[in-house]
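Pasting coords_18.txt here (compact mmCIF, C-alpha atoms):
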```txt
# COMPACT_ATOMS: atom_id res chain seq x y z
CA MET C 1084 -1.83 19.54 -9.82
CA SER C 1085 -2.40 16.11 -11.35
CA GLN C 1086 -5.13 13.87 -10.01
CA SER C 1087 -2.59 11.23 -8.87
CA SER C 1088 -0.61 13.75 -6.83
CA SER C 1089 -3.69 15.34 -5.20
CA PHE C 1090 -5.31 12.07 -4.05
CA LEU C 1091 -4.13 10.94 -0.62
CA GLY C 1092 -4.38 7.27 0.16
CA ARG C 1093 -2.18 5.49 -2.40
CA VAL C 1094 -0.57 2.39 -0.91
CA LEU C 1095 2.05 0.31 -2.70
CA ILE C 1096 2.02 -3.22 -1.27
CA ILE C 1097 5.11 -5.40 -1.78
CA ALA C 1098 4.19 -8.92 -0.70
CA GLY C 1099 3.22 -12.45 -1.73
CA SER C 1100 -0.05 -13.61 -3.24
CA ASP C 1101 -2.48 -15.92 -1.39
CA SER C 1102 -4.66 -17.94 -3.76
CA GLY C 1103 -7.18 -18.47 -0.94
CA GLY C 1104 -7.71 -14.72 -0.66
CA GLY C 1105 -7.42 -14.55 3.12
CA ALA C 1106 -3.90 -13.23 3.54
CA GLY C 1107 -1.09 -11.72 1.49
CA ILE C 1108 -1.71 -9.35 -1.39
CA GLN C 1109 -5.40 -10.24 -1.58
CA ALA C 1110 -6.03 -9.36 2.07
CA ASP C 1111 -3.88 -6.25 1.70
CA ILE C 1112 -5.95 -4.94 -1.22
CA LYS C 1113 -9.21 -5.62 0.62
CA ALA C 1114 -8.03 -3.90 3.81
CA VAL C 1115 -6.68 -0.82 2.04
CA THR C 1116 -9.88 -0.50 0.01
CA ALA C 1117 -12.12 -0.92 3.07
CA MET C 1118 -10.16 1.83 4.83
CA GLY C 1119 -10.69 4.23 1.95
CA GLY C 1120 -7.32 3.96 0.25
CA TYR C 1121 -6.09 2.92 -3.19
CA ALA C 1122 -4.04 -0.28 -3.36
CA ALA C 1123 -1.33 -1.04 -5.92
CA THR C 1124 0.98 -4.05 -5.76
CA SER C 1125 4.34 -5.57 -6.43
CA ILE C 1126 3.99 -9.34 -6.01
CA THR C 1127 7.06 -11.10 -4.61
CA ALA C 1128 5.82 -14.69 -4.82
CA ILE C 1129 2.79 -16.74 -5.80
CA THR C 1130 1.65 -19.18 -3.14
CA VAL C 1131 -0.63 -22.18 -3.49
CA GLN C 1132 -2.67 -21.62 -0.36
CA ASN C 1133 -6.04 -22.07 1.32
CA THR C 1134 -7.34 -22.15 4.88
CA LEU C 1135 -5.63 -25.49 5.47
CA GLY C 1136 -2.13 -24.24 4.75
CA VAL C 1137 0.51 -23.27 2.21
CA HIS C 1138 0.96 -26.01 -0.38
CA GLY C 1139 3.53 -24.32 -2.61
CA VAL C 1140 5.62 -21.15 -2.88
CA HIS C 1141 6.89 -19.83 -6.20
CA PRO C 1142 9.12 -16.74 -5.92
CA LEU C 1143 9.08 -14.23 -8.76
CA PRO C 1144 12.30 -12.95 -10.39
CA LEU C 1145 13.95 -9.99 -8.67
CA ASP C 1146 13.80 -7.82 -11.77
CA LEU C 1147 10.07 -8.47 -12.10
CA ILE C 1148 9.48 -7.52 -8.45
CA GLU C 1149 11.35 -4.27 -8.96
CA ALA C 1150 9.70 -3.57 -12.31
CA GLN C 1151 6.25 -3.83 -10.73
CA ALA C 1152 7.18 -1.41 -7.96
CA ARG C 1153 8.85 1.02 -10.34
CA ALA C 1154 5.85 0.99 -12.68
CA VAL C 1155 3.63 2.01 -9.77
CA LEU C 1156 5.95 4.57 -8.19
CA ASP C 1157 6.87 6.26 -11.49
CA ASP C 1158 3.25 6.69 -12.59
CA ILE C 1159 0.65 6.40 -9.82
CA GLY C 1160 2.94 7.18 -6.88
CA ALA C 1161 2.55 6.11 -3.28
CA ASP C 1162 1.61 7.89 -0.06
CA ALA C 1163 2.66 4.82 1.95
CA ILE C 1164 4.37 1.51 1.27
CA LYS C 1165 3.59 -1.77 3.03
CA THR C 1166 5.87 -4.81 2.84
CA GLY C 1167 4.85 -8.35 3.68
CA MET C 1168 6.24 -11.70 2.55
CA LEU C 1169 9.72 -11.23 1.10
CA GLY C 1170 11.06 -14.76 1.37
CA SER C 1171 14.80 -14.52 0.77
CA VAL C 1172 17.89 -12.40 1.33
CA ALA C 1173 17.95 -11.37 -2.32
CA VAL C 1174 14.35 -10.12 -2.21
CA VAL C 1175 14.96 -8.26 1.05
CA GLU C 1176 17.99 -6.54 -0.47
CA ARG C 1177 16.10 -5.57 -3.63
CA VAL C 1178 13.08 -4.28 -1.72
CA ALA C 1179 15.31 -2.24 0.61
CA ALA C 1180 16.80 -0.59 -2.46
CA ILE C 1181 13.30 0.18 -3.79
CA LEU C 1182 12.32 1.78 -0.48
CA ASP C 1183 15.32 4.08 -0.68
CA THR C 1184 13.88 5.64 -3.85
CA SER C 1185 10.69 6.81 -2.07
CA ARG C 1186 9.96 9.22 0.76
CA ALA C 1187 6.68 7.53 1.65
CA PRO C 1188 6.23 6.09 5.16
CA VAL C 1189 6.86 2.34 5.27
CA VAL C 1190 4.92 -0.25 7.26
CA VAL C 1191 7.03 -3.40 7.55
CA ASP C 1192 5.21 -6.62 8.44
CA PRO C 1193 8.11 -9.06 8.99
CA VAL C 1194 6.24 -12.11 7.70
CA MET C 1195 8.11 -15.28 8.67
CA VAL C 1196 5.61 -18.12 9.16
CA ALA C 1197 2.13 -18.72 7.74
CA LYS C 1198 -0.81 -19.36 10.07
CA GLY C 1199 -0.57 -23.09 9.35
CA GLY C 1200 3.14 -23.20 10.18
CA ALA C 1201 4.77 -23.01 6.73
CA ALA C 1202 7.97 -20.97 6.61
CA LEU C 1203 7.64 -17.83 4.47
CA LEU C 1204 11.11 -16.42 5.16
CA ASP C 1205 14.43 -18.23 4.75
CA ASN C 1206 16.39 -18.59 7.98
CA ASP C 1207 19.32 -16.61 6.58
CA ALA C 1208 16.93 -13.83 5.57
CA VAL C 1209 16.06 -13.02 9.18
CA GLN C 1210 19.36 -11.17 9.57
CA ALA C 1211 18.67 -9.30 6.34
CA VAL C 1212 15.29 -8.18 7.67
CA ARG C 1213 17.00 -7.14 10.90
CA SER C 1214 19.71 -5.09 9.20
CA LEU C 1215 17.88 -3.77 6.12
CA MET C 1216 14.14 -3.61 6.74
CA ILE C 1217 13.90 -2.59 10.38
CA PRO C 1218 15.93 0.63 9.94
CA ARG C 1219 13.66 1.58 7.02
CA ALA C 1220 10.43 0.98 8.94
CA THR C 1221 8.23 3.89 9.88
CA LEU C 1222 6.29 1.18 11.70
CA LEU C 1223 7.27 -2.44 12.32
CA THR C 1224 4.41 -4.86 13.10
CA PRO C 1225 5.83 -8.15 14.48
CA ASN C 1226 3.90 -10.79 16.34
CA ALA C 1227 5.49 -12.39 19.40
CA LEU C 1228 7.27 -15.14 17.44
CA GLU C 1229 8.66 -12.71 14.87
CA ALA C 1230 9.82 -10.32 17.58
CA GLU C 1231 11.61 -13.17 19.38
CA ALA C 1232 13.36 -14.20 16.14
CA LEU C 1233 14.47 -10.63 15.47
CA THR C 1234 15.62 -9.76 19.00
CA GLY C 1235 16.28 -13.00 20.88
CA ILE C 1236 13.97 -11.72 23.64
CA ALA C 1237 11.20 -14.02 24.89
CA VAL C 1238 7.78 -12.45 24.40
CA GLU C 1239 5.44 -14.22 26.80
CA ASP C 1240 3.71 -11.30 28.50
CA LEU C 1241 3.30 -7.52 28.32
CA GLU C 1242 6.71 -6.93 29.84
CA GLY C 1243 8.27 -9.11 27.16
CA GLN C 1244 6.43 -7.07 24.53
CA ARG C 1245 7.89 -3.91 26.05
CA ARG C 1246 11.44 -5.26 26.09
CA ALA C 1247 11.29 -6.57 22.54
CA GLY C 1248 9.66 -3.36 21.31
CA ALA C 1249 12.42 -1.28 22.87
CA ALA C 1250 15.06 -3.52 21.30
CA LEU C 1251 13.46 -3.13 17.87
CA LEU C 1252 13.48 0.65 18.29
CA GLU C 1253 17.19 0.39 19.04
CA LEU C 1254 17.63 -1.55 15.79
CA GLY C 1255 16.28 1.47 13.92
CA ALA C 1256 12.50 1.18 13.62
CA ARG C 1257 10.81 4.53 14.19
CA ALA C 1258 7.85 2.82 15.87
CA VAL C 1259 6.87 -0.77 16.69
CA LEU C 1260 3.44 -2.34 17.06
CA MET C 1261 4.01 -5.44 19.19
CA LYS C 1262 1.03 -7.67 18.36
CA GLY C 1263 -0.26 -9.78 21.22
CA GLY C 1264 -2.28 -12.49 19.53
CA HIS C 1265 0.35 -15.13 20.36
CA VAL C 1266 0.76 -13.94 23.96
CA PRO C 1267 -1.27 -16.06 26.43
CA GLY C 1268 -4.18 -14.50 28.28
CA GLU C 1269 -7.90 -13.83 28.10
CA THR C 1270 -7.18 -10.29 26.88
CA VAL C 1271 -5.25 -9.58 23.69
CA VAL C 1272 -2.95 -6.59 24.07
CA ASP C 1273 -1.21 -4.91 21.16
CA LEU C 1274 1.48 -2.48 22.27
CA LEU C 1275 2.48 0.52 20.15
CA VAL C 1276 5.97 1.59 21.16
CA THR C 1277 7.52 4.86 20.01
CA PRO C 1278 10.48 6.91 21.26
CA SER C 1279 7.98 9.18 23.03
CA GLY C 1280 6.00 6.51 24.85
CA GLU C 1281 3.57 3.62 24.45
CA THR C 1282 -0.08 3.02 23.65
CA LEU C 1283 -2.03 -0.10 24.62
CA LEU C 1284 -4.84 -1.47 22.48
CA GLU C 1285 -6.67 -4.30 24.19
CA GLY C 1286 -9.79 -6.38 23.90
CA PRO C 1287 -11.16 -9.80 24.85
CA ARG C 1288 -9.65 -12.79 23.09
CA LEU C 1289 -12.15 -14.19 20.60
CA GLU C 1290 -12.49 -17.96 20.45
CA THR C 1291 -12.33 -18.40 16.69
CA THR C 1292 -10.30 -20.13 13.99
CA SER C 1293 -11.01 -17.27 11.56
CA THR C 1294 -7.69 -15.48 12.02
CA HIS C 1295 -6.01 -16.11 8.66
CA GLY C 1296 -4.44 -12.90 7.39
CA THR C 1297 -4.92 -10.79 10.52
CA GLY C 1298 -1.32 -9.53 10.45
CA CYS C 1299 -1.40 -8.66 6.74
CA SER C 1300 -4.76 -6.94 7.12
CA LEU C 1301 -3.73 -4.91 10.17
CA ALA C 1302 -0.48 -3.68 8.61
CA SER C 1303 -2.22 -2.71 5.38
CA ALA C 1304 -5.07 -0.96 7.17
CA ILE C 1305 -2.49 1.06 9.11
CA ALA C 1306 -0.66 1.88 5.87
CA ALA C 1307 -3.94 3.15 4.40
CA GLY C 1308 -4.39 5.47 7.36
CA LEU C 1309 -0.83 6.79 7.09
CA ALA C 1310 -1.31 7.26 3.35
CA GLN C 1311 -4.35 9.44 4.08
CA GLY C 1312 -2.29 11.62 6.40
CA ARG C 1313 -3.49 10.32 9.74
CA PRO C 1314 -1.10 10.51 12.71
CA LEU C 1315 0.46 7.15 13.55
CA GLU C 1316 -1.52 6.62 16.75
CA VAL C 1317 -4.80 7.37 14.97
CA ALA C 1318 -3.98 5.13 11.99
CA VAL C 1319 -3.10 2.25 14.33
CA ALA C 1320 -6.22 2.66 16.48
CA GLU C 1321 -8.55 2.81 13.47
CA ALA C 1322 -6.90 -0.19 11.83
CA TRP C 1323 -7.01 -2.16 15.09
CA ALA C 1324 -10.74 -1.51 15.44
CA TYR C 1325 -11.33 -2.44 11.79
CA VAL C 1326 -9.52 -5.78 12.06
CA SER C 1327 -11.13 -6.64 15.40
CA GLU C 1328 -14.57 -6.25 13.86
CA ALA C 1329 -13.47 -8.15 10.72
CA ILE C 1330 -12.54 -11.09 12.96
CA ARG C 1331 -15.87 -10.92 14.78
CA ARG C 1332 -17.78 -10.92 11.48
CA ALA C 1333 -15.68 -13.65 9.80
CA PRO C 1334 -17.78 -15.65 7.31
CA GLY C 1335 -16.55 -19.07 8.44
CA LEU C 1336 -15.14 -20.14 5.08
CA GLY C 1337 -12.91 -23.18 4.61
CA HIS C 1338 -11.97 -26.06 6.88
CA GLY C 1339 -8.92 -24.55 8.59
CA HIS C 1340 -7.86 -21.05 9.61
CA GLY C 1341 -10.57 -19.03 7.91
CA PRO C 1342 -10.42 -15.51 6.45
CA LEU C 1343 -11.76 -12.32 7.96
CA ASP C 1344 -14.71 -10.26 6.78
CA HIS C 1345 -12.68 -7.50 5.14
CA GLY C 1346 -15.64 -5.81 3.53
CA TRP C 1347 -17.80 -5.08 6.56
CA PRO C 1348 -17.34 -1.27 6.52
CA LEU C 1349 -18.47 -1.09 2.89
CA ARG C 1350 -21.68 -2.99 3.61
CA ASP C 1351 -22.36 -0.95 6.74
CA ALA C 1352 -22.06 2.24 4.68
CA ARG C 1353 -24.88 1.25 2.30
```
Take the structure in the file and give it back as structure tokens.
Amino acid sequence: MSQSSSFLGRVLIIAGSDSGGGAGIQADIKAVTAMGGYAATSITAITVQNTLGVHGVHPLPLDLIEAQARAVLDDIGADAIKTGMLGSVAVVERVAAILDTSRAPVVVDPVMVAKGGAALLDNDAVQAVRSLMIPRATLLTPNALEAEALTGIAVEDLEGQRRAGAALLELGARAVLMKGGHVPGETVVDLLVTPSGETLLEGPRLETTSTHGTGCSLASAIAAGLAQGRPLEVAVAEAWAYVSEAIRRAPGLGHGHGPLDHGWPLRDAR
């Protein structure tokens, strides 16, 4: 057996780049590495970005996006695939076609808006995500705003999370992690919804501005767990604990929404 086929933990990340390093491909690579996986990438767009916001978005050609993914899949392989910023209908369609060539579990983070408010998905691409990405998702990881855009269901409390999660299962996702960071309350509740039941992950809301890239990091950390063969519930719980601690240990960089401390498990292991 070749080394590449015997190693479990290979994650192909298809997403946009964040020059500030807090979100996007950069956060994905850090999270996968911290969780013990191997990260490879297909970059969909280059963003001009820091903690203060997104100052420019430059999509890459469709053939280049596919060529990156094919180069990884045909040589290194993937035990899981994570998708993030796709940006347009054309990219969604191309990425859906790429996913159909792999049997790896897919974590779909339906990235729509950056932390500072910049749109990262065209309005007409929302329907493409709904019809093409959700049915291909082993796990879908929307926040409240993304879930509302995809389902039309208001997500303002735990019951709204349940209703939207059930609707997303009906659209074809095999499991949904309804993130609760945008849901009001002193406690943050993330709700994992599967056809067999639900799991709540909850903790106190941290008063911090260092939340840039939390969604990217969580989805990629989960993908790393799935790539290493962990059951879904275990991969989600471990990733949730990792990101929670990364928020608590955030280094306080920048003057806006700061990045997490992705590397804390590596330092603790020394």
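Among the candidates C:Asn1226, C:Ser1293, C:Gln1210, C:Thr1282, the one nearest to Met1261 (chain C) when counting only C-alpha atoms is C:Asn1226.
Residues lying within 8 Å of Ser1100 (chain C), counting only C-alpha atoms and ignoring same-chain neighbours fewer than 3 positions away, are Ala1106, Gly1107, Ile1108, Gln1109, Ile1126, Thr1127, Ala1128, Ile1129 and Thr1130 of chain C.
CA of Leu1215 (chain C) lies 17.2 Å from CA of Ile1148 (chain C).
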(request) Identify, on the basis of all atoms listed in the file, every residue whose closest approach to region 1314-1325 of chain C does not exceed 9 Å; exclude the query and any residue fewer than 6 positions from it along the same chain; express the result as an MDAnalysis selection string. (result) chainID C and resid 1114 1117:1118 1222 1258 1260 1273 1275 1282 1284 1300:1308 1345 1347:1348
(request) Find, counting all atoms listed in the file, the residue in C:Arg1313, C:Arg1245, C:Arg1186, C:Lys1165 that gets nearest to Leu1223 (chain C). (result) C:Lys1165
(request) Could you give me, as a PyMOL selection string, the residues within 12 Å of Leu1204 (chain C), counting all atoms listed in the file and dropping anything in the same chain fewer than 3 positions from it? (result) chain C and resi 1098-1099+1127-1128+1140+1142+1167-1175+1192-1197+1200-1201+1207-1212+1229+1232
